[in-house]
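What follows is my_file20.pdb (PDB, C-alpha atoms (C1' of nucleotides)).
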MODEL        1
ATOM      1  CA  MET A   1       0.000   0.000   0.000
ATOM      2  CA  PRO A   2       1.521   3.302  -1.097
ATOM      3  CA  ASP A   3       1.779   6.343   1.136
ATOM      4  CA  MET A   4      -1.754   7.512   0.610
ATOM      5  CA  ASP A   5      -1.480   9.789   3.591
ATOM      6  CA  ARG A   6       0.509  12.175   1.478
ATOM      7  CA  TRP A   7      -1.924  12.097  -1.407
ATOM      8  CA  PRO A   8      -3.794  15.317  -2.059
ATOM      9  CA  THR A   9      -7.432  15.206  -1.109
ATOM     10  CA  SER A  10      -8.520  15.396  -4.725
ATOM     11  CA  ARG A  11      -6.691  12.179  -5.450
ATOM     12  CA  LEU A  12      -8.250  10.454  -2.471
ATOM     13  CA  LEU A  13     -11.631  11.538  -3.691
ATOM     14  CA  SER A  14     -11.014  10.301  -7.220
ATOM     15  CA  THR A  15      -9.676   7.004  -5.977
ATOM     16  CA  ALA A  16     -12.532   6.407  -3.588
ATOM     17  CA  ALA A  17     -15.015   7.232  -6.326
ATOM     18  CA  ARG A  18     -13.240   4.925  -8.723
ATOM     19  CA  LEU A  19     -13.465   2.068  -6.247
ATOM     20  CA  VAL A  20     -17.151   2.691  -5.680
ATOM     21  CA  GLU A  21     -17.809   2.845  -9.392
ATOM     22  CA  LEU A  22     -15.899  -0.353 -10.081
ATOM     23  CA  ALA A  23     -17.891  -2.069  -7.336
ATOM     24  CA  TRP A  24     -21.095  -0.762  -8.874
ATOM     25  CA  ASN A  25     -20.179  -1.910 -12.339
ATOM     26  CA  ASP A  26     -19.416  -5.401 -11.092
ATOM     27  CA  LYS A  27     -22.869  -5.627  -9.571
ATOM     28  CA  LEU A  28     -24.600  -4.032 -12.532
ATOM     29  CA  ARG A  29     -22.991  -6.055 -15.289
ATOM     30  CA  PRO A  30     -25.328  -9.043 -14.795
ATOM     31  CA  LEU A  31     -28.231  -6.640 -15.280
ATOM     32  CA  GLY A  32     -26.712  -5.247 -18.464
ATOM     33  CA  LEU A  33     -26.456  -1.756 -17.036
ATOM     34  CA  THR A  34     -23.757   0.779 -16.370
ATOM     35  CA  TYR A  35     -23.655   3.276 -13.560
ATOM     36  CA  PRO A  36     -24.597   6.299 -15.690
ATOM     37  CA  ALA A  37     -27.469   4.238 -17.056
ATOM     38  CA  VAL A  38     -28.798   3.661 -13.546
ATOM     39  CA  LEU A  39     -28.509   7.346 -12.711
ATOM     40  CA  THR A  40     -30.434   8.136 -15.858
ATOM     41  CA  LEU A  41     -33.210   5.662 -15.108
ATOM     42  CA  GLU A  42     -33.359   6.990 -11.574
ATOM     43  CA  THR A  43     -33.772  10.556 -12.744
ATOM     44  CA  VAL A  44     -36.418   9.660 -15.269
ATOM     45  CA  ALA A  45     -38.288   7.661 -12.657
ATOM     46  CA  THR A  46     -38.423  10.501 -10.152
ATOM     47  CA  SER A  47     -38.946  13.400 -12.530
ATOM     48  CA  GLY A  48     -41.476  11.908 -14.903
ATOM     49  CA  PRO A  49     -41.273  12.730 -18.633
ATOM     50  CA  ILE A  50     -38.151  14.819 -19.141
ATOM     51  CA  ALA A  51     -36.036  16.202 -21.967
ATOM     52  CA  PRO A  52     -32.722  14.504 -22.846
ATOM     53  CA  GLY A  53     -30.860  17.738 -22.200
ATOM     54  CA  LYS A  54     -32.122  17.925 -18.648
ATOM     55  CA  LEU A  55     -31.130  14.328 -18.121
ATOM     56  CA  ALA A  56     -27.627  15.078 -19.319
ATOM     57  CA  GLN A  57     -27.391  17.921 -16.808
ATOM     58  CA  SER A  58     -28.598  15.751 -13.986
ATOM     59  CA  VAL A  59     -26.226  12.882 -14.699
ATOM     60  CA  ARG A  60     -23.476  15.361 -15.614
ATOM     61  CA  VAL A  61     -22.594  14.049 -19.003
ATOM     62  CA  GLN A  62     -22.669  15.943 -22.302
ATOM     63  CA  ALA A  63     -25.863  16.012 -24.321
ATOM     64  CA  GLN A  64     -23.937  14.182 -27.052
ATOM     65  CA  THR A  65     -23.245  11.406 -24.586
ATOM     66  CA  MET A  66     -26.786  11.185 -23.300
ATOM     67  CA  GLY A  67     -28.141  10.619 -26.815
ATOM     68  CA  PRO A  68     -26.502   7.223 -27.417
ATOM     69  CA  LEU A  69     -27.117   6.217 -23.794
ATOM     70  CA  LEU A  70     -30.822   6.798 -24.273
ATOM     71  CA  THR A  71     -30.711   4.882 -27.531
ATOM     72  CA  ARG A  72     -29.217   1.901 -25.724
ATOM     73  CA  LEU A  73     -31.795   2.092 -22.946
ATOM     74  CA  GLU A  74     -34.582   2.437 -25.477
ATOM     75  CA  SER A  75     -33.445  -0.530 -27.547
ATOM     76  CA  ARG A  76     -33.652  -2.679 -24.432
ATOM     77  CA  GLY A  77     -37.093  -1.371 -23.663
ATOM     78  CA  PHE A  78     -36.235   0.406 -20.414
ATOM     79  CA  ILE A  79     -37.308   3.855 -21.540
ATOM     80  CA  HIS A  80     -39.632   5.378 -24.070
ATOM     81  CA  ARG A  81     -38.986   8.349 -26.368
ATOM     82  CA  GLN A  82     -41.784  10.636 -27.442
ATOM     83  CA  PRO A  83     -41.773  13.831 -29.470
ATOM     84  CA  ASN A  84     -42.598  16.896 -27.416
ATOM     85  CA  ARG A  85     -45.868  18.235 -28.691
ATOM     86  CA  PHE A  86     -45.129  21.760 -27.526
ATOM     87  CA  ASP A  87     -41.612  22.066 -28.895
ATOM     88  CA  ARG A  88     -40.891  20.216 -32.057
ATOM     89  CA  ARG A  89     -37.158  20.343 -31.436
ATOM     90  CA  GLY A  90     -37.495  18.392 -28.256
ATOM     91  CA  GLN A  91     -38.327  14.951 -26.955
ATOM     92  CA  LEU A  92     -39.681  13.593 -23.737
ATOM     93  CA  ILE A  93     -38.225  10.538 -22.084
ATOM     94  CA  SER A  94     -40.247   8.333 -19.794
ATOM     95  CA  ILE A  95     -39.471   5.076 -18.045
ATOM     96  CA  THR A  96     -41.229   1.829 -18.916
ATOM     97  CA  ASP A  97     -42.498  -0.824 -16.529
ATOM     98  CA  LEU A  98     -39.551  -2.936 -17.528
ATOM     99  CA  GLY A  99     -37.251  -0.059 -16.660
ATOM    100  CA  LEU A 100     -38.937   0.381 -13.303
ATOM    101  CA  ALA A 101     -38.505  -3.291 -12.517
ATOM    102  CA  LEU A 102     -34.838  -3.090 -13.364
ATOM    103  CA  LEU A 103     -34.395  -0.005 -11.244
ATOM    104  CA  GLU A 104     -35.940  -1.895  -8.373
ATOM    105  CA  GLN A 105     -33.328  -4.596  -8.738
ATOM    106  CA  SER A 106     -30.512  -2.077  -8.807
ATOM    107  CA  HIS A 107     -31.830  -0.500  -5.630
ATOM    108  CA  ASP A 108     -31.333  -3.788  -3.877
ATOM    109  CA  LEU A 109     -27.701  -3.614  -4.891
ATOM    110  CA  GLU A 110     -27.186  -0.202  -3.379
ATOM    111  CA  SER A 111     -26.753  -1.436   0.152
ATOM    112  CA  THR A 112     -24.402  -4.158  -1.016
ATOM    113  CA  VAL A 113     -22.091  -1.722  -2.723
ATOM    114  CA  LEU A 114     -22.108   0.663   0.177
ATOM    115  CA  SER A 115     -21.506  -1.823   2.915
ATOM    116  CA  ALA A 116     -18.839  -3.566   0.936
ATOM    117  CA  ILE A 117     -16.794  -0.437   0.545
ATOM    118  CA  MET A 118     -17.696   2.026   3.181
ATOM    119  CA  THR A 119     -19.317   2.485   6.491
ATOM    120  CA  ASP A 120     -21.807   5.231   5.933
ATOM    121  CA  SER A 121     -20.856   7.745   8.531
ATOM    122  CA  GLY A 122     -23.195  10.636   7.967
ATOM    123  CA  ASN A 123     -20.347  13.038   8.299
ATOM    124  CA  LEU A 124     -19.036  12.013   4.940
ATOM    125  CA  ARG A 125     -22.371  12.783   3.363
ATOM    126  CA  GLU A 126     -22.293  16.338   4.632
ATOM    127  CA  GLU A 127     -18.861  17.014   3.286
ATOM    128  CA  LEU A 128     -19.585  15.518  -0.097
ATOM    129  CA  LEU A 129     -22.759  17.541  -0.302
ATOM    130  CA  ALA A 130     -20.781  20.657   0.480
ATOM    131  CA  ILE A 131     -18.371  19.904  -2.363
ATOM    132  CA  VAL A 132     -21.095  19.346  -4.880
ATOM    133  CA  ARG A 133     -22.941  22.443  -3.730
ATOM    134  CA  HIS A 134     -19.883  24.652  -3.815
ATOM    135  CA  SER A 135     -19.290  23.764  -7.410
ATOM    136  CA  ASN A 136     -21.176  26.247  -9.485
ATOM    137  CA  PHE A 137     -23.611  23.872 -11.115
ATOM    138  CA  SER A 138     -27.350  24.105 -10.877
TER     139      SER A 138
ATOM    140  CA  MET B   1     -30.829  21.935  -8.106
ATOM    141  CA  PRO B   2     -32.246  18.426  -7.679
ATOM    142  CA  ASP B   3     -32.963  16.858  -4.302
ATOM    143  CA  MET B   4     -29.432  15.742  -3.658
ATOM    144  CA  ASP B   5     -30.203  15.203  -0.018
ATOM    145  CA  ARG B   6     -31.948  12.009  -0.953
ATOM    146  CA  TRP B   7     -29.128  10.753  -3.113
ATOM    147  CA  PRO B   8     -27.312   7.700  -1.843
ATOM    148  CA  THR B   9     -23.843   8.403  -0.563
ATOM    149  CA  SER B  10     -22.267   6.499  -3.405
ATOM    150  CA  ARG B  11     -23.833   8.892  -5.882
ATOM    151  CA  LEU B  12     -22.660  11.902  -3.940
ATOM    152  CA  LEU B  13     -19.189  10.486  -3.983
ATOM    153  CA  SER B  14     -19.249   9.820  -7.715
ATOM    154  CA  THR B  15     -20.624  13.240  -8.451
ATOM    155  CA  ALA B  16     -18.106  15.030  -6.277
ATOM    156  CA  ALA B  17     -15.293  13.062  -7.880
ATOM    157  CA  ARG B  18     -16.618  13.837 -11.331
ATOM    158  CA  LEU B  19     -16.645  17.538 -10.571
ATOM    159  CA  VAL B  20     -13.104  17.408  -9.266
ATOM    160  CA  GLU B  21     -11.931  15.480 -12.281
ATOM    161  CA  LEU B  22     -13.614  17.857 -14.716
ATOM    162  CA  ALA B  23     -11.969  20.772 -12.920
ATOM    163  CA  TRP B  24      -8.618  19.018 -13.153
ATOM    164  CA  ASN B  25      -8.986  18.297 -16.819
ATOM    165  CA  ASP B  26      -9.810  21.909 -17.563
ATOM    166  CA  LYS B  27      -6.617  22.996 -15.878
ATOM    167  CA  LEU B  28      -4.518  20.240 -17.379
ATOM    168  CA  ARG B  29      -5.627  20.589 -20.980
ATOM    169  CA  PRO B  30      -3.279  23.527 -21.676
ATOM    170  CA  LEU B  31      -0.415  21.332 -20.492
ATOM    171  CA  GLY B  32      -1.493  18.495 -22.774
ATOM    172  CA  LEU B  33      -2.066  16.140 -19.868
ATOM    173  CA  THR B  34      -4.924  14.136 -18.440
ATOM    174  CA  TYR B  35      -5.514  13.346 -14.814
ATOM    175  CA  PRO B  36      -4.374   9.710 -15.023
ATOM    176  CA  ALA B  37      -1.262  10.951 -16.787
ATOM    177  CA  VAL B  38      -0.462  13.233 -13.866
ATOM    178  CA  LEU B  39      -1.004  10.428 -11.383
ATOM    179  CA  THR B  40       1.350   8.281 -13.400
ATOM    180  CA  LEU B  41       4.063  10.920 -13.560
ATOM    181  CA  GLU B  42       3.633  11.507  -9.865
ATOM    182  CA  THR B  43       4.088   7.842  -9.047
ATOM    183  CA  VAL B  44       7.111   7.493 -11.269
ATOM    184  CA  ALA B  45       8.633  10.590  -9.735
ATOM    185  CA  THR B  46       8.290   9.358  -6.182
ATOM    186  CA  SER B  47       9.062   5.698  -6.716
ATOM    187  CA  GLY B  48      11.978   5.914  -9.081
ATOM    188  CA  PRO B  49      12.304   3.355 -11.921
ATOM    189  CA  ILE B  50       9.210   1.174 -11.789
ATOM    190  CA  ALA B  51       7.483  -1.515 -13.843
ATOM    191  CA  PRO B  52       4.405  -0.598 -15.920
ATOM    192  CA  GLY B  53       2.346  -3.168 -14.048
ATOM    193  CA  LYS B  54       3.072  -1.536 -10.704
ATOM    194  CA  LEU B  55       2.142   1.814 -12.168
ATOM    195  CA  ALA B  56      -1.176   0.440 -13.355
ATOM    196  CA  GLN B  57      -1.891  -0.821  -9.837
ATOM    197  CA  SER B  58      -1.034   2.496  -8.300
ATOM    198  CA  VAL B  59      -3.154   4.562 -10.683
ATOM    199  CA  ARG B  60      -5.834   1.862 -10.663
ATOM    200  CA  VAL B  61      -6.155   1.313 -14.353
ATOM    201  CA  GLN B  62      -5.678  -1.946 -16.236
ATOM    202  CA  ALA B  63      -2.210  -2.886 -17.417
ATOM    203  CA  GLN B  64      -3.602  -2.710 -20.963
ATOM    204  CA  THR B  65      -4.544   0.881 -20.335
ATOM    205  CA  MET B  66      -1.230   1.838 -18.809
ATOM    206  CA  GLY B  67       0.670   0.635 -21.874
ATOM    207  CA  PRO B  68      -0.717   3.204 -24.327
ATOM    208  CA  LEU B  69      -0.657   5.897 -21.640
ATOM    209  CA  LEU B  70       3.063   5.326 -21.196
ATOM    210  CA  THR B  71       3.529   5.371 -24.963
ATOM    211  CA  ARG B  72       1.882   8.787 -25.089
ATOM    212  CA  LEU B  73       3.994  10.098 -22.242
ATOM    213  CA  GLU B  74       7.125   8.672 -23.821
ATOM    214  CA  SER B  75       6.416  10.179 -27.239
ATOM    215  CA  ARG B  76       6.246  13.592 -25.604
ATOM    216  CA  GLY B  77       9.474  12.984 -23.779
ATOM    217  CA  PHE B  78       8.063  13.001 -20.251
ATOM    218  CA  ILE B  79       9.168   9.499 -19.345
ATOM    219  CA  HIS B  80      11.785   7.012 -20.425
ATOM    220  CA  ARG B  81      11.374   3.292 -21.028
ATOM    221  CA  GLN B  82      14.206   0.868 -20.406
ATOM    222  CA  PRO B  83      14.373  -2.897 -20.580
ATOM    223  CA  ASN B  84      14.747  -4.540 -17.195
ATOM    224  CA  ARG B  85      18.132  -6.195 -17.143
ATOM    225  CA  PHE B  86      17.076  -8.731 -14.546
ATOM    226  CA  ASP B  87      13.804  -9.823 -16.098
ATOM    227  CA  ARG B  88      13.648  -9.754 -19.833
ATOM    228  CA  ARG B  89       9.853  -9.703 -19.809
ATOM    229  CA  GLY B  90       9.801  -6.429 -17.968
ATOM    230  CA  GLN B  91      10.541  -2.771 -18.409
ATOM    231  CA  LEU B  92      11.450   0.032 -16.100
ATOM    232  CA  ILE B  93       9.896   3.458 -16.399
ATOM    233  CA  SER B  94      11.636   6.572 -15.218
ATOM    234  CA  ILE B  95      10.727  10.235 -15.448
ATOM    235  CA  THR B  96      12.720  12.711 -17.523
ATOM    236  CA  ASP B  97      13.709  16.236 -16.587
ATOM    237  CA  LEU B  98      11.022  17.463 -18.936
ATOM    238  CA  GLY B  99       8.505  15.300 -17.117
ATOM    239  CA  LEU B 100       9.636  16.623 -13.768
ATOM    240  CA  ALA B 101       9.253  20.188 -14.963
ATOM    241  CA  LEU B 102       5.734  19.445 -16.149
ATOM    242  CA  LEU B 103       4.869  17.778 -12.886
ATOM    243  CA  GLU B 104       6.040  20.897 -11.106
ATOM    244  CA  GLN B 105       3.590  22.954 -13.136
ATOM    245  CA  SER B 106       0.737  20.606 -12.377
ATOM    246  CA  HIS B 107       1.514  20.850  -8.669
ATOM    247  CA  ASP B 108       0.866  24.552  -8.862
ATOM    248  CA  LEU B 109      -2.577  23.723 -10.179
ATOM    249  CA  GLU B 110      -3.426  21.461  -7.276
ATOM    250  CA  SER B 111      -4.310  24.254  -4.907
ATOM    251  CA  THR B 112      -6.369  25.956  -7.589
ATOM    252  CA  VAL B 113      -8.498  22.916  -8.193
ATOM    253  CA  LEU B 114      -8.988  22.238  -4.526
ATOM    254  CA  SER B 115      -9.873  25.734  -3.451
ATOM    255  CA  ALA B 116     -12.180  26.181  -6.400
ATOM    256  CA  ILE B 117     -14.271  23.197  -5.489
ATOM    257  CA  MET B 118     -13.829  22.342  -1.889
ATOM    258  CA  THR B 119     -12.677  23.617   1.409
ATOM    259  CA  ASP B 120     -10.241  21.041   2.618
ATOM    260  CA  SER B 121     -11.635  20.074   5.957
ATOM    261  CA  GLY B 122      -9.344  17.347   7.191
ATOM    262  CA  ASN B 123     -12.296  15.327   8.284
ATOM    263  CA  LEU B 124     -13.113  14.515   4.697
ATOM    264  CA  ARG B 125      -9.613  13.197   4.191
ATOM    265  CA  GLU B 126      -9.992  10.720   7.009
ATOM    266  CA  GLU B 127     -13.234   9.349   5.698
ATOM    267  CA  LEU B 128     -11.973   9.029   2.157
ATOM    268  CA  LEU B 129      -8.871   7.293   3.426
ATOM    269  CA  ALA B 130     -11.072   4.879   5.333
ATOM    270  CA  ILE B 131     -13.016   4.055   2.188
ATOM    271  CA  VAL B 132      -9.930   3.411   0.130
ATOM    272  CA  ARG B 133      -8.393   1.342   2.907
ATOM    273  CA  HIS B 134     -11.497  -0.727   3.464
ATOM    274  CA  SER B 135     -11.539  -1.751  -0.150
ATOM    275  CA  ASN B 136      -9.457  -4.854  -0.391
ATOM    276  CA  PHE B 137      -6.709  -3.492  -2.570
ATOM    277  CA  SER B 138      -3.052  -3.459  -1.662
TER     278      SER B 138
ATOM    279  C1'  DG C   1      15.837 -30.706 -17.439
ATOM    280  C1'  DT C   2      11.553 -30.285 -18.718
ATOM    281  C1'  DA C   3       6.374 -29.869 -18.087
ATOM    282  C1'  DG C   4       3.167 -26.981 -16.151
ATOM    283  C1'  DC C   5       2.012 -22.844 -14.239
ATOM    284  C1'  DC C   6       2.701 -17.952 -13.203
ATOM    285  C1'  DT C   7       3.817 -13.196 -14.549
ATOM    286  C1'  DA C   8       4.829  -8.992 -17.764
ATOM    287  C1'  DG C   9       3.357  -6.795 -21.357
ATOM    288  C1'  DT C  10       0.756  -6.269 -25.762
ATOM    289  C1'  DA C  11      -2.971  -6.648 -29.465
ATOM    290  C1'  DA C  12      -7.647  -6.520 -31.057
ATOM    291  C1'  DG C  13     -12.212  -5.241 -30.465
ATOM    292  C1'  DT C  14     -15.866  -2.779 -27.982
ATOM    293  C1'  DA C  15     -17.938   0.803 -25.089
ATOM    294  C1'  DA C  16     -18.525   5.283 -23.824
ATOM    295  C1'  DG C  17     -16.887   9.782 -22.966
ATOM    296  C1'  DC C  18     -15.484  14.385 -25.024
ATOM    297  C1'  DT C  19     -15.037  18.414 -28.598
ATOM    298  C1'  DG C  20     -16.514  20.722 -32.662
ATOM    299  C1'  DA C  21     -19.677  21.355 -36.217
ATOM    300  C1'  DC C  22     -24.288  20.966 -38.049
ATOM    301  C1'  DT C  23     -29.696  21.065 -38.691
ATOM    302  C1'  DA C  24     -34.073  22.238 -37.180
ATOM    303  C1'  DT C  25     -36.841  24.778 -34.357
ATOM    304  C1'  DT C  26     -38.127  28.573 -31.184
ATOM    305  C1'  DT C  27     -37.543  33.070 -29.089
ATOM    306  C1'  DT C  28     -36.329  37.855 -29.174
ATOM    307  C1'  DG C  29     -35.809  42.671 -30.752
ATOM    308  C1'  DG C  30     -35.969  46.243 -33.856
TER     309       DG C  30
ATOM    310  C1'  DC D   1     -42.926  40.758 -39.456
ATOM    311  C1'  DC D   2     -38.554  39.187 -40.129
ATOM    312  C1'  DA D   3     -33.561  38.863 -39.073
ATOM    313  C1'  DA D   4     -30.541  37.437 -35.496
ATOM    314  C1'  DA D   5     -29.646  34.889 -31.498
ATOM    315  C1'  DA D   6     -30.591  31.066 -28.598
ATOM    316  C1'  DT D   7     -31.847  26.203 -27.809
ATOM    317  C1'  DA D   8     -32.573  20.902 -28.629
ATOM    318  C1'  DG D   9     -30.702  17.302 -30.468
ATOM    319  C1'  DT D  10     -27.539  14.711 -33.622
ATOM    320  C1'  DC D  11     -23.355  13.411 -36.457
ATOM    321  C1'  DA D  12     -18.456  12.769 -37.090
ATOM    322  C1'  DG D  13     -14.020  12.085 -35.281
ATOM    323  C1'  DC D  14     -10.934  11.417 -31.497
ATOM    324  C1'  DT D  15      -9.492   9.658 -27.036
ATOM    325  C1'  DT D  16      -9.231   6.488 -23.584
ATOM    326  C1'  DA D  17     -10.905   2.904 -20.728
ATOM    327  C1'  DC D  18     -12.359  -1.941 -20.478
ATOM    328  C1'  DT D  19     -12.563  -7.194 -21.634
ATOM    329  C1'  DT D  20     -10.699 -11.110 -23.848
ATOM    330  C1'  DA D  21      -7.003 -13.416 -25.757
ATOM    331  C1'  DC D  22      -2.265 -13.886 -26.879
ATOM    332  C1'  DT D  23       3.175 -14.170 -26.707
ATOM    333  C1'  DA D  24       7.449 -14.259 -24.309
ATOM    334  C1'  DG D  25       9.982 -15.086 -20.425
ATOM    335  C1'  DG D  26      10.635 -16.955 -15.741
ATOM    336  C1'  DC D  27       9.713 -20.185 -11.770
ATOM    337  C1'  DT D  28       8.758 -24.655  -9.538
ATOM    338  C1'  DA D  29       8.577 -29.413  -8.781
ATOM    339  C1'  DC D  30       9.005 -33.681 -10.030
TER     340       DC D  30
ENDMDL
END

Would you put the structure from the file into structure tokens?
Amino acid sequence: MPDMDRWPTSRLLSTAARLVELAWNDKLRPLGLTYPAVLTLETVATSGPIAPGKLAQSVRVQAQTMGPLLTRLESRGFIHRQPNRFDRRGQLISITDLGLALLEQSHDLESTVLSAIMTDSGNLREELLAIVRHSNFS
Amino acid sequence: MPDMDRWPTSRLLSTAARLVELAWNDKLRPLGLTYPAVLTLETVATSGPIAPGKLAQSVRVQAQTMGPLLTRLESRGFIHRQPNRFDRRGQLISITDLGLALLEQSHDLESTVLSAIMTDSGNLREELLAIVRHSNFS
DNA sequence: GTAGCCTAGTAAGTAAGCTGACTATTTTGG
DNA sequence: CCAAAATAGTCAGCTTACTTACTAGGCTAC
């Protein structure tokens, strides 16, 4: 084990996140999902019909990245794309029953990933929230 | 701003890390570097001549990913590849003066990235360290 | 000493992210 | 009302990471 104590905090953060994401991906692979895909499904499920651009903002990927991701999710029948009647440039994404069922399964994994890697201390949450909030995103 | 308070901790962690990494990449682009590249240079600088496989472990990418990364760094003259005299399968990577100079520049960025995104609270460090340690890597 | 296994590194193919440029709409301002 | 600016989404091209599969060299044990 290298001398992590001397690592800058940003590196610790990246490394911890990388470990969590790898753990997630291991669990999600059997379901045929990736972590951004789960975040997307999650957002669609809670927000109701939503534009791809908004989804990209929420998951923090580029709009050009969200497009193909939605295509993959659609081809597997997890989401549904509709034209937006009020703005012919736009679309509205909604989640299907199949997508909801899958999301349910991934929720069950959540606790596994967390407990495997970290003891959820409450304090950590606050500090991470502060970081995300301090960054000038909306 | 979405209801981040209800996000699972793992998502907060991923998001925070993503923000930090995006901030890093913005700063590093003028130098022609990526964040994994900096981590690699850093490791080489502190460890002295080291095998590509060890580097991959340290930066937590696959050995197959480290190979091309080293090729890129070598083609720009930041590192130097030598055959390992004692094991003809292996190589030894060392950093060049040019690489050291670049690393110096990236160090100056560190504080910028940190202060822009987070107030370094000390507590956070401990918790992140705990996460990384609890994951069964060595 | 040689057969079998382990380790170091690479190659090929796929997935998924980013930037830059484009089209099609909608909104805004004179 | 119409020209200019803004917005939604996509396409093309590049980068980089991953998985799977391979070669070359070294190690171990009979």

Residues of chain C that approach chain A to 7 Å or less, counting only C-alpha atoms (C1' of nucleotides): could you list each one with the shortest pair of atoms and its distance in Å to one decimal, rows by chain and increasing residue number, as a tab-separated table?
residue	atom	partner	partner_atom	distance
C:DG17	C1'	A:Thr65	CA	6.8
C:DA24	C1'	A:Arg89	CA	6.8
C:DT25	C1'	A:Arg89	CA	5.3

Output the residue selection produced by the PyMOL selection byres ((chain D) within 10 of (chain B)) on the file above, formatted as an mmCIF file with C-alpha atoms (C1' of nucleotides), in the coordinates of the input.
data_model
loop_
_atom_site.group_PDB
_atom_site.id
_atom_site.type_symbol
_atom_site.label_atom_id
_atom_site.label_comp_id
_atom_site.auth_asym_id
_atom_site.auth_seq_id
_atom_site.Cartn_x
_atom_site.Cartn_y
_atom_site.Cartn_z
ATOM 1 C "C1'" DT D 16 -9.231 6.488 -23.584
ATOM 2 C "C1'" DA D 17 -10.905 2.904 -20.728
ATOM 3 C "C1'" DC D 18 -12.359 -1.941 -20.478
ATOM 4 C "C1'" DA D 24 7.449 -14.259 -24.309
ATOM 5 C "C1'" DG D 25 9.982 -15.086 -20.425
ATOM 6 C "C1'" DG D 26 10.635 -16.955 -15.741
#

For this session: Convert the output of the PyMOL selection byres ((chain A and resi 20) around 8) on the shown file into explicit residues, formatted as an MDAnalysis selection string.
Result: (chainID A and resid 16:19 21:24 113:114 117) or (chainID B and resid 10 14)

Got time to write the residues from that selection, C-alpha atoms, as a tab-separated table (two decimals), in the frame of the given file?
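Generated output (result_26.tsv):
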chain	number	residue	atom	x	y	z
A	16	ALA	CA	-12.53	6.41	-3.59
A	17	ALA	CA	-15.02	7.23	-6.33
A	18	ARG	CA	-13.24	4.92	-8.72
A	19	LEU	CA	-13.46	2.07	-6.25
A	21	GLU	CA	-17.81	2.84	-9.39
A	22	LEU	CA	-15.90	-0.35	-10.08
A	23	ALA	CA	-17.89	-2.07	-7.34
A	24	TRP	CA	-21.10	-0.76	-8.87
A	113	VAL	CA	-22.09	-1.72	-2.72
A	114	LEU	CA	-22.11	0.66	0.18
A	117	ILE	CA	-16.79	-0.44	0.55
B	10	SER	CA	-22.27	6.50	-3.40
B	14	SER	CA	-19.25	9.82	-7.72

Problem set entry | Distance in Å - CA of Leu92 in chain A versus CA of Ile50 in chain A | 5.0 Å

Exercise. Neighbours of DT28 in chain C within 10 Å (only C-alpha atoms (C1' of nucleotides); same-chain residues fewer than 5 positions away dropped), as an MDAnalysis selection string?
Worked result: chainID D and resid 4:6

For this session: Grab the CA of Leu100 in chain A to CA of Ala45 in chain A distance for me, in Å with one decimal place.
Result: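 CA of Ala45 in chain A lies 7.3 Å from CA of Leu100 in chain A.
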
Exercise. When you draw a straight line from CA of Gly99 in chain A to CA of Gly77 in chain A, how long is it in Å?
Worked result: 7.1 Å

For this session: In the coordinate frame of the file, compute which residues have an atom within 12 Å of (0.5, -23.1, -15.7) when using only C-alpha atoms (C1' of nucleotides), and state them as a VMD selection string.
Result: (chain C and resid 3 to 7) or (chain D and resid 26 to 28)

For this session: Could you give me, as a count of residues only, the residues that have an atom at most 10 Å away from the point (-23.3, -1.3, -16.2) in the coordinates of the file, using all atoms listed in the file?
Result: 17

For this session: Report as JSON, numbers by chain the full result of the PyMOL selection byres ((chain A and resi 79-83) around 12) when it is applied to this structure.
Result: {"A": [37, 38, 40, 41, 42, 43, 44, 45, 48, 49, 50, 51, 52, 67, 69, 70, 71, 72, 73, 74, 75, 76, 77, 78, 84, 85, 86, 87, 88, 89, 90, 91, 92, 93, 94, 95, 96, 97, 98, 99, 100, 101, 102, 103], "D": [8, 9]}

Listed atoms of range 102-114 of chain B, axis-aligned box, 5 Å per side: centre and edge lengths to one decimal in Å, as AutoDock Vina command-line options?
--center_x -1.5 --center_y 21.9 --center_z -10.3 --size_x 25.0 --size_y 18.2 --size_z 21.6

For DA12 in chain C, find every residue with an atom within 12 Å (counting only C-alpha atoms (C1' of nucleotides)), except residues of its own chain fewer than 3 positions away, and show them as a PDB file with C-alpha atoms (C1' of nucleotides), keeping the file's coordinate frame.
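Contents of selection33.pdb, freshly written:
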ATOM      1  CA  GLN B  64      -3.602  -2.710 -20.963  1.00  0.00           C
TER       2      GLN B  64
ATOM      3  C1'  DT D  19     -12.563  -7.194 -21.634  1.00  0.00           C
ATOM      4  C1'  DT D  20     -10.699 -11.110 -23.848  1.00  0.00           C
ATOM      5  C1'  DA D  21      -7.003 -13.416 -25.757  1.00  0.00           C
ATOM      6  C1'  DC D  22      -2.265 -13.886 -26.879  1.00  0.00           C
TER       7       DC D  22
END

Problem set entry | Counting only C-alpha atoms, the option among A:Ala63, A:Gly53, A:Leu12, A:Asp108 closest to chain B |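 That would be A:Leu12, the residue with the smallest distance to chain B.
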